[in-house]
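This is protein-v8.txt. It holds compact mmCIF, C-alpha atoms.
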# COMPACT_ATOMS: atom_id res chain seq x y z
CA VAL A 1 -51.34 -85.08 -103.93
CA ALA A 2 -49.71 -88.32 -102.98
CA LYS A 3 -51.00 -91.46 -104.65
CA ILE A 4 -51.67 -93.83 -101.80
CA ALA A 5 -51.90 -97.54 -102.33
CA PHE A 6 -52.12 -100.22 -99.71
CA THR A 7 -49.63 -103.00 -100.15
CA GLY A 8 -49.42 -106.15 -98.18
CA GLY A 9 -45.62 -106.13 -98.27
CA GLU A 10 -45.03 -103.61 -95.47
CA PRO A 11 -46.12 -104.20 -91.89
CA GLY A 12 -48.98 -102.07 -90.60
CA GLY A 13 -49.57 -100.32 -93.90
CA LEU A 14 -46.34 -98.27 -93.67
CA ALA A 15 -46.42 -97.85 -97.44
CA VAL A 16 -49.22 -95.33 -96.97
CA TYR A 17 -47.04 -93.15 -94.75
CA ARG A 18 -43.99 -93.54 -96.97
CA LEU A 19 -45.94 -92.48 -100.06
CA ALA A 20 -47.53 -89.54 -98.24
CA ALA A 21 -44.16 -88.36 -96.93
CA GLU A 22 -42.72 -88.29 -100.45
CA GLY A 23 -45.29 -85.64 -101.38
CA LEU A 24 -44.84 -83.30 -98.41
CA LYS A 25 -44.20 -79.67 -99.24
CA THR A 26 -42.88 -76.83 -97.13
CA VAL A 27 -45.46 -74.07 -96.96
CA THR A 28 -45.97 -70.89 -95.01
CA LEU A 29 -49.49 -69.90 -94.08
CA GLU A 30 -50.81 -66.71 -92.64
CA LEU A 31 -51.80 -67.97 -89.22
CA GLY A 32 -52.98 -64.74 -87.69
CA GLY A 33 -55.51 -62.06 -88.29
CA LYS A 34 -55.52 -59.22 -90.78
CA SER A 35 -57.40 -61.40 -93.19
CA ALA A 36 -56.12 -60.16 -96.52
CA ASN A 37 -58.23 -59.95 -99.63
CA ILE A 38 -56.42 -59.64 -102.95
CA ILE A 39 -57.69 -57.96 -106.10
CA PHE A 40 -55.84 -58.51 -109.37
CA ASP A 41 -56.41 -56.66 -112.63
CA ASP A 42 -58.28 -59.58 -114.21
CA ALA A 43 -61.02 -59.54 -111.54
CA ASN A 44 -64.49 -58.18 -112.01
CA LEU A 45 -63.59 -55.00 -110.13
CA GLU A 46 -67.16 -54.09 -109.21
CA ASP A 47 -67.82 -57.50 -107.66
CA ALA A 48 -64.42 -57.52 -105.95
CA ALA A 49 -65.09 -54.10 -104.40
CA LYS A 50 -68.50 -55.26 -103.16
CA GLY A 51 -66.89 -58.32 -101.59
CA ALA A 52 -64.19 -56.24 -99.93
CA ILE A 53 -66.76 -53.81 -98.54
CA SER A 54 -68.96 -56.52 -97.06
CA GLY A 55 -65.89 -58.35 -95.77
CA ILE A 56 -64.70 -55.46 -93.63
CA PHE A 57 -67.77 -53.43 -92.75
CA GLY A 58 -70.12 -56.31 -91.93
CA ALA A 59 -70.37 -56.59 -88.12
CA SER A 60 -68.53 -53.25 -87.99
CA GLY A 61 -65.23 -55.03 -88.64
CA GLN A 62 -65.44 -56.80 -85.29
CA THR A 63 -64.95 -60.40 -86.37
CA CYS A 64 -61.82 -62.52 -86.59
CA ILE A 65 -62.40 -62.97 -90.30
CA ALA A 66 -63.00 -59.32 -91.16
CA GLY A 67 -61.18 -58.52 -94.40
CA SER A 68 -59.31 -55.60 -92.87
CA ARG A 69 -56.38 -55.66 -95.29
CA LEU A 70 -56.76 -55.35 -99.04
CA LEU A 71 -53.92 -55.97 -101.46
CA VAL A 72 -54.63 -54.45 -104.88
CA GLN A 73 -52.58 -54.86 -108.03
CA GLN A 74 -51.07 -51.45 -108.81
CA LYS A 75 -52.50 -51.39 -112.34
CA VAL A 76 -56.08 -51.19 -110.98
CA HIS A 77 -55.40 -49.60 -107.59
CA ASP A 78 -56.96 -46.20 -108.28
CA ARG A 79 -60.06 -47.66 -109.94
CA VAL A 80 -60.58 -50.10 -107.07
CA VAL A 81 -60.12 -47.39 -104.43
CA GLU A 82 -62.58 -45.13 -106.26
CA GLY A 83 -65.14 -47.95 -106.36
CA LEU A 84 -64.62 -48.76 -102.68
CA ILE A 85 -65.09 -45.14 -101.65
CA GLY A 86 -68.25 -44.91 -103.76
CA LEU A 87 -69.74 -48.01 -102.15
CA ALA A 88 -68.61 -47.31 -98.59
CA SER A 89 -69.81 -43.71 -98.65
CA THR A 90 -73.41 -44.97 -98.99
CA ILE A 91 -73.25 -47.27 -95.96
CA ARG A 92 -76.04 -46.68 -93.46
CA ILE A 93 -74.76 -46.44 -89.88
CA GLY A 94 -77.23 -46.99 -87.06
CA ASN A 95 -79.10 -49.23 -84.71
CA PRO A 96 -78.18 -52.84 -85.53
CA ALA A 97 -81.73 -53.96 -84.71
CA LEU A 98 -83.06 -52.05 -87.73
CA PRO A 99 -83.01 -53.89 -91.08
CA GLU A 100 -81.68 -50.86 -92.99
CA THR A 101 -78.57 -50.60 -90.82
CA GLN A 102 -75.36 -51.81 -92.44
CA VAL A 103 -72.82 -50.76 -89.79
CA GLY A 104 -73.62 -50.71 -86.10
CA PRO A 105 -71.72 -49.50 -83.05
CA ILE A 106 -68.47 -50.78 -81.64
CA THR A 107 -69.04 -53.25 -78.79
CA THR A 108 -67.65 -51.11 -75.94
CA ILE A 109 -66.51 -47.55 -75.38
CA ALA A 110 -63.01 -48.86 -74.62
CA GLN A 111 -62.89 -50.69 -77.96
CA ARG A 112 -64.12 -47.58 -79.78
CA SER A 113 -61.25 -45.63 -78.17
CA LYS A 114 -58.83 -48.31 -79.34
CA VAL A 115 -60.17 -48.15 -82.90
CA LEU A 116 -59.91 -44.35 -82.93
CA SER A 117 -56.33 -44.57 -81.64
CA TYR A 118 -55.45 -46.87 -84.55
CA LEU A 119 -56.80 -44.25 -86.95
CA ASP A 120 -54.47 -41.68 -85.39
CA ILE A 121 -51.53 -44.11 -85.49
CA ALA A 122 -52.20 -44.88 -89.16
CA ARG A 123 -52.12 -41.19 -90.05
CA ALA A 124 -48.96 -40.62 -87.99
CA GLU A 125 -47.25 -43.51 -89.79
CA GLY A 126 -48.09 -42.03 -93.20
CA ALA A 127 -51.27 -43.81 -94.27
CA LYS A 128 -53.79 -41.57 -96.01
CA CYS A 129 -57.41 -41.66 -94.89
CA VAL A 130 -59.64 -41.37 -97.97
CA LEU A 131 -62.95 -42.07 -96.24
CA GLY A 132 -64.24 -41.75 -92.69
CA GLY A 133 -61.63 -41.70 -90.02
CA GLY A 134 -63.61 -40.55 -87.03
CA ILE A 135 -66.86 -40.52 -85.10
CA PRO A 136 -70.00 -39.87 -87.14
CA ASP A 137 -71.85 -36.72 -86.16
CA ALA A 138 -75.38 -37.72 -87.20
CA PRO A 139 -77.75 -36.65 -84.42
CA GLU A 140 -79.82 -39.83 -84.73
CA LEU A 141 -76.81 -41.85 -83.53
CA GLY A 142 -76.92 -40.12 -80.16
CA ASP A 143 -74.20 -41.23 -77.77
CA GLY A 144 -73.67 -44.60 -79.47
CA TRP A 145 -70.18 -46.01 -79.79
CA PHE A 146 -69.93 -45.58 -83.56
CA VAL A 147 -66.89 -45.23 -85.81
CA GLU A 148 -67.26 -44.16 -89.42
CA PRO A 149 -66.44 -46.80 -92.01
CA SER A 150 -62.85 -45.82 -92.81
CA ILE A 151 -60.52 -46.54 -95.72
CA PHE A 152 -56.77 -45.94 -95.67
CA ILE A 153 -54.46 -46.08 -98.68
CA GLY A 154 -50.70 -45.97 -98.88
CA VAL A 155 -50.48 -48.59 -96.16
CA ASP A 156 -47.33 -50.69 -96.07
CA ASN A 157 -46.59 -53.81 -94.06
CA LYS A 158 -44.45 -51.93 -91.54
CA MET A 159 -47.42 -49.89 -90.34
CA ARG A 160 -49.30 -51.05 -87.27
CA ILE A 161 -52.62 -50.76 -89.08
CA ALA A 162 -51.35 -53.41 -91.51
CA ARG A 163 -50.05 -55.75 -88.81
CA GLU A 164 -52.33 -55.43 -85.81
CA GLU A 165 -56.01 -56.20 -85.36
CA VAL A 166 -58.14 -53.07 -85.14
CA PHE A 167 -61.50 -54.83 -84.70
CA GLY A 168 -63.39 -51.92 -86.17
CA PRO A 169 -64.70 -50.72 -89.54
CA VAL A 170 -61.25 -49.88 -90.93
CA LEU A 171 -59.92 -51.05 -94.30
CA SER A 172 -56.18 -50.82 -95.04
CA ILE A 173 -55.17 -50.87 -98.69

Kindly present the structure from the file in structure tokens form.
Amino acid sequence: VAKIAFTGGEPGGLAVYRLAAEGLKTVTLELGGKSANIIFDDANLEDAAKGAISGIFGASGQTCIAGSRLLVQQKVHDRVVEGLIGLASTIRIGNPALPETQVGPITTIAQRSKVLSYLDIARAEGAKCVLGGGIPDAPELGDGWFVEPSIFIGVDNKMRIAREEVFGPVLSI
């Protein structure tokens, strides 16, 4: 933080700009999607897992801020994944107009096809699906455009599922 003081000695308050410029830093920001969440070993793992679940599966993963990528410190990876699977496996899929529904349908049939193709691509590139990964078969869902809440592990940054927006209920760890 630059300390800014107005001085009468420089025309037009140029001292403000000079002082601010002295404190500039070069930074790189993630300016795209794939909103990453990060869980370190000192986190409350139960709370972190709940946050990650709501971050990706709320709105069926169809928001620009969906937490579709999760970076987990190796030391707690297996415990976090186990907790995520436990939470996500209880998610209620259904009509979004009903209060008990936690994950609704994908917006269009074309988008559902795109999401399902990303699941196939992820598997082909070596990611391991540990939950979901397809179309739910519950009869009460009828012909809705649903995709199961899905979790992939073993994802690396070279995989398309780690780099490209899926816009569906798909978590890459």

Give me the residues within 10 Å of Gly104 in chain A as a PyMOL selection string, counting all atoms listed in the file and dropping any in the same chain fewer than 3 places off.
-> chain A and resi 57-61+92-98+101+107+141+144-148+169

| said: I want to know what sits within 9 Å of range 37-50 of chain A, based on only C-alpha atoms, with residues of the same chain fewer than 5 positions away left out; could you give that as a PyMOL selection string? | reply: chain A and resi 55+67-77+79-81+83-84+87

Dump of C-alpha atoms for the selected residues, as a PDB file, in the coordinates of the input:
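Generated output (again.pdb):
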ATOM      1  CA  GLY A  55     -65.890 -58.350 -95.770  1.00  0.00           C
ATOM      2  CA  GLY A  67     -61.180 -58.520 -94.400  1.00  0.00           C
ATOM      3  CA  SER A  68     -59.310 -55.600 -92.870  1.00  0.00           C
ATOM      4  CA  ARG A  69     -56.380 -55.660 -95.290  1.00  0.00           C
ATOM      5  CA  LEU A  70     -56.760 -55.350 -99.040  1.00  0.00           C
ATOM      6  CA  LEU A  71     -53.920 -55.970-101.460  1.00  0.00           C
ATOM      7  CA  VAL A  72     -54.630 -54.450-104.880  1.00  0.00           C
ATOM      8  CA  GLN A  73     -52.580 -54.860-108.030  1.00  0.00           C
ATOM      9  CA  GLN A  74     -51.070 -51.450-108.810  1.00  0.00           C
ATOM     10  CA  LYS A  75     -52.500 -51.390-112.340  1.00  0.00           C
ATOM     11  CA  VAL A  76     -56.080 -51.190-110.980  1.00  0.00           C
ATOM     12  CA  HIS A  77     -55.400 -49.600-107.590  1.00  0.00           C
ATOM     13  CA  ARG A  79     -60.060 -47.660-109.940  1.00  0.00           C
ATOM     14  CA  VAL A  80     -60.580 -50.100-107.070  1.00  0.00           C
ATOM     15  CA  VAL A  81     -60.120 -47.390-104.430  1.00  0.00           C
ATOM     16  CA  GLY A  83     -65.140 -47.950-106.360  1.00  0.00           C
ATOM     17  CA  LEU A  84     -64.620 -48.760-102.680  1.00  0.00           C
ATOM     18  CA  LEU A  87     -69.740 -48.010-102.150  1.00  0.00           C
TER      19      LEU A  87
END

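Of the listed residues (A:Val27, A:Pro149, A:Leu131, A:Gly168), A:Gly168 comes nearest to Thr108 in chain A; the distances count only C-alpha atoms.
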
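Coordinates place CA of Ile53 in chain A at a distance of 21.9 Å from CA of Ser117 in chain A.
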
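Nearest to Ile173 in chain A of all the residues A:Arg123, A:Tyr118, A:Ser89, A:Ala36 is A:Ala36, based on all atoms listed in the file.
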
Within 8 Å of Cys129 in chain A, counting all atoms listed in the file, which residues show up once you throw out same-chain ones fewer than 3 positions away? Write them as a PyMOL selection string, please. chain A and resi 123+132-133+150-153

Generate the output file for the selected residues, C-alpha atoms, as a PDB file, in the frame of the given file.
ATOM      1  CA  ARG A 123     -52.120 -41.190 -90.050  1.00  0.00           C
ATOM      2  CA  GLY A 132     -64.240 -41.750 -92.690  1.00  0.00           C
ATOM      3  CA  GLY A 133     -61.630 -41.700 -90.020  1.00  0.00           C
ATOM      4  CA  SER A 150     -62.850 -45.820 -92.810  1.00  0.00           C
ATOM      5  CA  ILE A 151     -60.520 -46.540 -95.720  1.00  0.00           C
ATOM      6  CA  PHE A 152     -56.770 -45.940 -95.670  1.00  0.00           C
ATOM      7  CA  ILE A 153     -54.460 -46.080 -98.680  1.00  0.00           C
TER       8      ILE A 153
END

Taken to one decimal, the CA of Arg112 in chain A-CA of Gly134 in chain A distance is 10.1 Å

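Distance check against Val130 in chain A using only C-alpha atoms: of A:Ser35, A:Thr63, A:Thr90, A:Ser172, the minimum falls on A:Ser172.
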
note - CA of Ile121 in chain A and CA of Ile91 in chain A are separated by 24.3 Å

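Proximity ranking of A:Asn157, A:Ser113, A:Thr26, A:Gln102 relative to Ser54 in chain A places A:Gln102 first, based on only C-alpha atoms.
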
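Between Val155 in chain A and the residues A:Ala124, A:Ala138, A:Ala21, A:Ala110, the shortest atom-to-atom distance, using all atoms listed in the file, involves A:Ala124.
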